[in-house]
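Student: So that you have it, the file is input-v5.cif, and it contains mmCIF, N, CA and C atoms:
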```
data_start
#
loop_
_atom_site.label_atom_id
_atom_site.label_comp_id
_atom_site.auth_asym_id
_atom_site.auth_seq_id
_atom_site.Cartn_x
_atom_site.Cartn_y
_atom_site.Cartn_z
N MET F 1 131.05 100.00 141.95
CA MET F 1 131.76 98.99 142.70
C MET F 1 130.87 98.47 143.83
N ARG F 2 130.81 97.17 143.96
CA ARG F 2 129.98 96.55 145.00
C ARG F 2 130.74 96.46 146.32
N ASP F 3 129.97 96.51 147.41
CA ASP F 3 130.55 96.29 148.73
C ASP F 3 130.97 94.83 148.84
N LYS F 4 131.98 94.59 149.67
CA LYS F 4 132.42 93.22 149.94
C LYS F 4 132.33 92.96 151.43
N ILE F 5 132.00 91.72 151.77
CA ILE F 5 131.98 91.30 153.17
C ILE F 5 132.65 89.94 153.28
N VAL F 6 133.11 89.62 154.47
CA VAL F 6 133.71 88.32 154.74
C VAL F 6 132.83 87.61 155.76
N LEU F 7 132.42 86.40 155.42
CA LEU F 7 131.60 85.57 156.31
C LEU F 7 132.33 84.27 156.58
N LEU F 8 131.91 83.57 157.63
CA LEU F 8 132.48 82.27 157.94
C LEU F 8 131.59 81.17 157.38
N ASP F 9 132.22 80.16 156.77
CA ASP F 9 131.44 79.02 156.28
C ASP F 9 131.21 78.04 157.42
N GLU F 10 130.62 76.89 157.10
CA GLU F 10 130.28 75.89 158.12
C GLU F 10 131.51 75.36 158.86
N MET F 11 132.67 75.44 158.23
CA MET F 11 133.91 74.93 158.82
C MET F 11 134.71 76.03 159.53
N GLY F 12 134.18 77.25 159.56
CA GLY F 12 134.87 78.35 160.21
C GLY F 12 135.88 79.06 159.33
N ASN F 13 135.89 78.74 158.04
CA ASN F 13 136.80 79.40 157.09
C ASN F 13 136.19 80.70 156.59
N GLU F 14 137.04 81.70 156.41
CA GLU F 14 136.57 82.98 155.88
C GLU F 14 136.32 82.87 154.38
N VAL F 15 135.19 83.43 153.95
CA VAL F 15 134.84 83.45 152.53
C VAL F 15 134.43 84.89 152.20
N GLU F 16 135.04 85.44 151.15
CA GLU F 16 134.73 86.81 150.75
C GLU F 16 133.59 86.82 149.73
N PHE F 17 132.66 87.75 149.92
CA PHE F 17 131.49 87.88 149.05
C PHE F 17 131.34 89.32 148.57
N GLU F 18 130.78 89.47 147.38
CA GLU F 18 130.31 90.76 146.91
C GLU F 18 128.84 90.87 147.28
N VAL F 19 128.45 92.03 147.80
CA VAL F 19 127.04 92.28 148.10
C VAL F 19 126.40 92.81 146.82
N VAL F 20 125.57 91.98 146.20
CA VAL F 20 124.94 92.34 144.93
C VAL F 20 123.76 93.27 145.16
N MET F 21 122.93 92.92 146.15
CA MET F 21 121.71 93.69 146.38
C MET F 21 121.16 93.39 147.77
N LYS F 22 120.52 94.39 148.36
CA LYS F 22 119.74 94.21 149.59
C LYS F 22 118.35 94.75 149.30
N PHE F 23 117.33 94.04 149.76
CA PHE F 23 115.96 94.52 149.54
C PHE F 23 115.02 93.92 150.57
N GLY F 24 113.89 94.59 150.76
CA GLY F 24 112.85 94.11 151.65
C GLY F 24 111.72 93.49 150.85
N LEU F 25 111.11 92.48 151.43
CA LEU F 25 109.99 91.79 150.80
C LEU F 25 109.07 91.32 151.91
N ASP F 26 107.82 91.74 151.84
CA ASP F 26 106.88 91.48 152.93
C ASP F 26 107.47 92.05 154.21
N ASP F 27 107.64 91.24 155.24
CA ASP F 27 108.16 91.75 156.51
C ASP F 27 109.61 91.36 156.76
N SER F 28 110.32 90.92 155.73
CA SER F 28 111.71 90.47 155.89
C SER F 28 112.64 91.26 154.98
N ASP F 29 113.91 91.29 155.38
CA ASP F 29 114.95 91.91 154.57
C ASP F 29 115.90 90.82 154.09
N TYR F 30 116.39 90.98 152.86
CA TYR F 30 117.21 89.95 152.23
C TYR F 30 118.46 90.56 151.63
N ALA F 31 119.47 89.71 151.43
CA ALA F 31 120.69 90.10 150.73
C ALA F 31 120.99 89.05 149.68
N VAL F 32 121.52 89.52 148.57
CA VAL F 32 122.01 88.62 147.52
C VAL F 32 123.52 88.80 147.49
N LEU F 33 124.24 87.70 147.69
CA LEU F 33 125.69 87.74 147.73
C LEU F 33 126.27 86.84 146.65
N LEU F 34 127.46 87.21 146.18
CA LEU F 34 128.21 86.38 145.23
C LEU F 34 129.57 86.07 145.85
N PRO F 35 129.93 84.79 145.96
CA PRO F 35 131.29 84.48 146.42
C PRO F 35 132.30 85.04 145.42
N VAL F 36 133.33 85.71 145.89
CA VAL F 36 134.33 86.30 145.01
C VAL F 36 134.99 85.23 144.15
N ASP F 37 135.12 84.01 144.69
CA ASP F 37 135.76 82.91 143.94
C ASP F 37 134.82 82.27 142.93
N ASP F 38 133.53 82.55 143.00
CA ASP F 38 132.55 81.86 142.16
C ASP F 38 131.43 82.84 141.80
N LEU F 39 131.68 83.68 140.82
CA LEU F 39 130.74 84.76 140.49
C LEU F 39 129.52 84.28 139.72
N GLU F 40 129.29 82.99 139.67
CA GLU F 40 128.13 82.44 138.97
C GLU F 40 127.00 82.02 139.91
N ASN F 41 127.30 81.81 141.18
CA ASN F 41 126.32 81.23 142.10
C ASN F 41 125.90 82.21 143.19
N GLU F 42 124.80 82.91 142.95
CA GLU F 42 124.29 83.84 143.95
C GLU F 42 123.81 83.08 145.19
N MET F 43 123.99 83.72 146.34
CA MET F 43 123.44 83.20 147.59
C MET F 43 122.36 84.16 148.05
N PHE F 44 121.26 83.61 148.51
CA PHE F 44 120.15 84.41 149.00
C PHE F 44 120.06 84.21 150.51
N LEU F 45 120.10 85.33 151.25
CA LEU F 45 120.10 85.26 152.70
C LEU F 45 119.05 86.20 153.28
N ARG F 46 118.53 85.83 154.44
CA ARG F 46 117.54 86.65 155.15
C ARG F 46 118.23 87.26 156.38
N PHE F 47 117.96 88.54 156.62
CA PHE F 47 118.45 89.19 157.84
C PHE F 47 117.54 88.79 158.99
N GLU F 48 118.15 88.38 160.11
CA GLU F 48 117.41 88.07 161.34
C GLU F 48 118.17 88.67 162.52
N ILE F 49 117.52 88.69 163.66
CA ILE F 49 118.14 89.13 164.90
C ILE F 49 118.32 87.90 165.78
N ASP F 50 119.55 87.68 166.29
CA ASP F 50 119.79 86.51 167.13
C ASP F 50 119.33 86.75 168.56
N GLU F 51 119.54 85.76 169.42
CA GLU F 51 119.06 85.84 170.80
C GLU F 51 119.75 86.94 171.60
N ASN F 52 120.90 87.44 171.10
CA ASN F 52 121.61 88.53 171.77
C ASN F 52 121.28 89.90 171.18
N GLY F 53 120.32 89.92 170.25
CA GLY F 53 119.92 91.18 169.63
C GLY F 53 120.82 91.64 168.50
N LYS F 54 121.70 90.76 168.04
CA LYS F 54 122.62 91.13 166.96
C LYS F 54 122.09 90.63 165.62
N PRO F 55 122.31 91.42 164.55
CA PRO F 55 121.85 90.98 163.23
C PRO F 55 122.70 89.82 162.71
N ILE F 56 122.03 88.87 162.07
CA ILE F 56 122.72 87.74 161.44
C ILE F 56 122.11 87.51 160.05
N LEU F 57 122.86 86.84 159.20
CA LEU F 57 122.38 86.45 157.87
C LEU F 57 122.12 84.95 157.87
N VAL F 58 120.93 84.57 157.46
CA VAL F 58 120.53 83.16 157.44
C VAL F 58 120.34 82.74 155.98
N PRO F 59 121.11 81.73 155.52
CA PRO F 59 120.94 81.27 154.14
C PRO F 59 119.55 80.68 153.92
N LEU F 60 118.99 80.94 152.75
CA LEU F 60 117.69 80.36 152.40
C LEU F 60 117.90 78.99 151.78
N ASP F 61 117.00 78.08 152.08
CA ASP F 61 117.03 76.73 151.52
C ASP F 61 116.48 76.78 150.10
N GLU F 62 117.29 76.35 149.14
CA GLU F 62 116.87 76.47 147.74
C GLU F 62 115.65 75.63 147.40
N TYR F 63 115.24 74.74 148.28
CA TYR F 63 114.05 73.93 148.03
C TYR F 63 112.82 74.49 148.73
N ASP F 64 112.97 75.64 149.36
CA ASP F 64 111.88 76.26 150.11
C ASP F 64 111.16 77.30 149.24
N LYS F 65 109.88 77.48 149.48
CA LYS F 65 109.07 78.45 148.73
C LYS F 65 109.63 79.87 148.90
N GLU F 66 110.09 80.22 150.10
CA GLU F 66 110.65 81.55 150.34
C GLU F 66 111.82 81.81 149.40
N TYR F 67 112.68 80.83 149.20
CA TYR F 67 113.81 80.96 148.28
C TYR F 67 113.33 81.30 146.88
N GLU F 68 112.32 80.57 146.42
CA GLU F 68 111.78 80.80 145.08
C GLU F 68 111.26 82.23 144.93
N VAL F 69 110.52 82.71 145.92
CA VAL F 69 109.94 84.06 145.87
C VAL F 69 111.05 85.11 145.88
N VAL F 70 112.04 84.94 146.73
CA VAL F 70 113.14 85.90 146.82
C VAL F 70 113.95 85.90 145.52
N LYS F 71 114.22 84.73 144.98
CA LYS F 71 114.98 84.65 143.72
C LYS F 71 114.20 85.30 142.58
N GLU F 72 112.90 85.05 142.50
CA GLU F 72 112.07 85.67 141.46
C GLU F 72 112.08 87.19 141.59
N THR F 73 112.00 87.69 142.82
CA THR F 73 112.03 89.14 143.05
C THR F 73 113.37 89.71 142.60
N TYR F 74 114.45 89.04 142.94
CA TYR F 74 115.79 89.47 142.52
C TYR F 74 115.89 89.50 141.00
N GLU F 75 115.39 88.45 140.34
CA GLU F 75 115.43 88.39 138.88
C GLU F 75 114.64 89.55 138.26
N GLU F 76 113.51 89.90 138.88
CA GLU F 76 112.72 91.05 138.42
C GLU F 76 113.52 92.35 138.52
N PHE F 77 114.19 92.54 139.66
CA PHE F 77 115.03 93.73 139.83
C PHE F 77 116.11 93.79 138.75
N LYS F 78 116.72 92.65 138.46
CA LYS F 78 117.77 92.61 137.43
C LYS F 78 117.21 92.99 136.07
N ARG F 79 116.03 92.46 135.73
CA ARG F 79 115.42 92.79 134.43
C ARG F 79 115.10 94.28 134.34
N GLU F 80 114.57 94.85 135.42
CA GLU F 80 114.23 96.27 135.43
C GLU F 80 115.47 97.14 135.25
N ARG F 81 116.58 96.73 135.82
CA ARG F 81 117.83 97.49 135.68
C ARG F 81 118.32 97.50 134.24
N LEU F 82 118.06 96.43 133.51
CA LEU F 82 118.54 96.31 132.13
C LEU F 82 117.70 97.11 131.15
N GLN F 83 116.50 97.52 131.55
CA GLN F 83 115.62 98.25 130.64
C GLN F 83 115.98 99.71 130.56
#
```
Starting from the file, lay out its structure as structure tokens.
Tutor:
Amino acid sequence: MRDKIVLLDEMGNEVEFEVVMKFGLDDSDYAVLLPVDDLENEMFLRFEIDENGKPILVPLDEYDKEYEVVKETYEEFKRERLQ
């Protein structure tokens, strides 16, 4: 069973997610989340520390190179699990 978390969207609405995976890559930590209402569209987020020292999740831009690298790494993990 996967962990679930509730995050706020851009409009301040609560959205429930399943935590699919957390992993480190280079000097950053990432999470892969699935919206409970839409189990087809993974979200890739980076852990950061805000100005108050609290951890936050920052969505990756799907047109950014970092997104591509994180998604490829996640896909590799999935393939390895299936073997």
Student: My list of candidates is F:Leu39, F:Lys54, F:Gln83, F:Phe44. Which is closest to Tyr67 of chain F when distances are computed with all atoms listed in the file?
Tutor: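 So, comparing all the options, the nearest one is F:Phe44.
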Student: For the structure I just gave you, how does DSSP split chain F - specifically, which residues are strand (DSSP E)? Reply as an NGL selection string.
Tutor: :F and (4-8 or 14-25 or 28-35 or 43-49 or 55-59)
Student: Can you measure atom N of Pro59 of chain F to atom C of Arg79 of chain F for me? One decimal in Å is fine.
Tutor: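 Pair atom N of Pro59 of chain F / atom C of Arg79 of chain F returns 25.3 Å.
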Student: Please evaluate the PyMOL selection byres (((chain F and resi 47 and name CA) around 6) and name CA) against the structure above and give the resulting residues as JSON, numbers by chain.
Tutor: {"F": [29, 30, 46, 48, 56, 57]}
Student: Between atom C of Glu14 of chain F and atom N of Lys78 of chain F, what is the distance in Å, rounded to a tenth?
Tutor: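 According to the coordinates, atom C of Glu14 of chain F and atom N of Lys78 of chain F are separated by 27.1 Å.
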Student: Please identify all polymer residues within 12 Å of Lys71 of chain F, counting only C-alpha atoms, omitting same-chain residues fewer than 6 positions from it, and present them as a ChimeraX atom specification.
Tutor: /F:21,23,25,30-33,41-46,60-65,77-78
Student: So, with only N, CA and C atoms as the atoms that count, which of F:Ile49, F:Val15, F:Val58, F:Val20 lies closest to Asp37 of chain F?
Tutor: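 Closest to Asp37 of chain F, using only N, CA and C atoms: F:Val15.
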Student: Report as AutoDock Vina command-line options the centre and the edge lengths, in Å to one decimal, of the axis-aligned box holding every listed atom of segment 17-35 of chain F, padded by 6 Å on each side.
Tutor:
```
--center_x 119.8 --center_y 89.6 --center_z 150.8 --size_x 37.8 --size_y 22.3 --size_z 23.8
```
Student: Please report the interatomic distance between atom CA of Val6 of chain F and atom CA of Glu80 of chain F in Å with one decimal.
Tutor: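 For atom CA of Val6 of chain F relative to atom CA of Glu80 of chain F, the distance reads 28.6 Å.
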Student: What residues in segment 31-79 of chain F get the DSSP label helix (DSSP H, G or I)? Please answer as a list in words.
Tutor: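 DSSP-assigned helix (DSSP H, G or I) residues in segment 31-79 of chain F: Lys65, Glu66, Tyr67, Glu68, Val69, Val70, Lys71, Glu72, Thr73, Tyr74, Glu75, Glu76, Phe77, Lys78 and Arg79 of chain F.
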Student: Would you mind telling me which residue in F:Glu68, F:Leu34, F:Asp50, F:Pro55 lies nearest to Phe17 of chain F when using only N, CA and C atoms?
Tutor: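 Between F:Glu68, F:Leu34, F:Asp50, F:Pro55, the residue approaching Phe17 of chain F most closely is F:Leu34.
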Student: Excluding Ile5 of chain F and residues on its chain fewer than 2 positions from it, collect all residues at most 5 Å away from it, counting all atoms listed in the file, and give them as a list in words.
Tutor: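 So the residues in contact are Asp3, Leu7, Glu16 and Phe17 of chain F.
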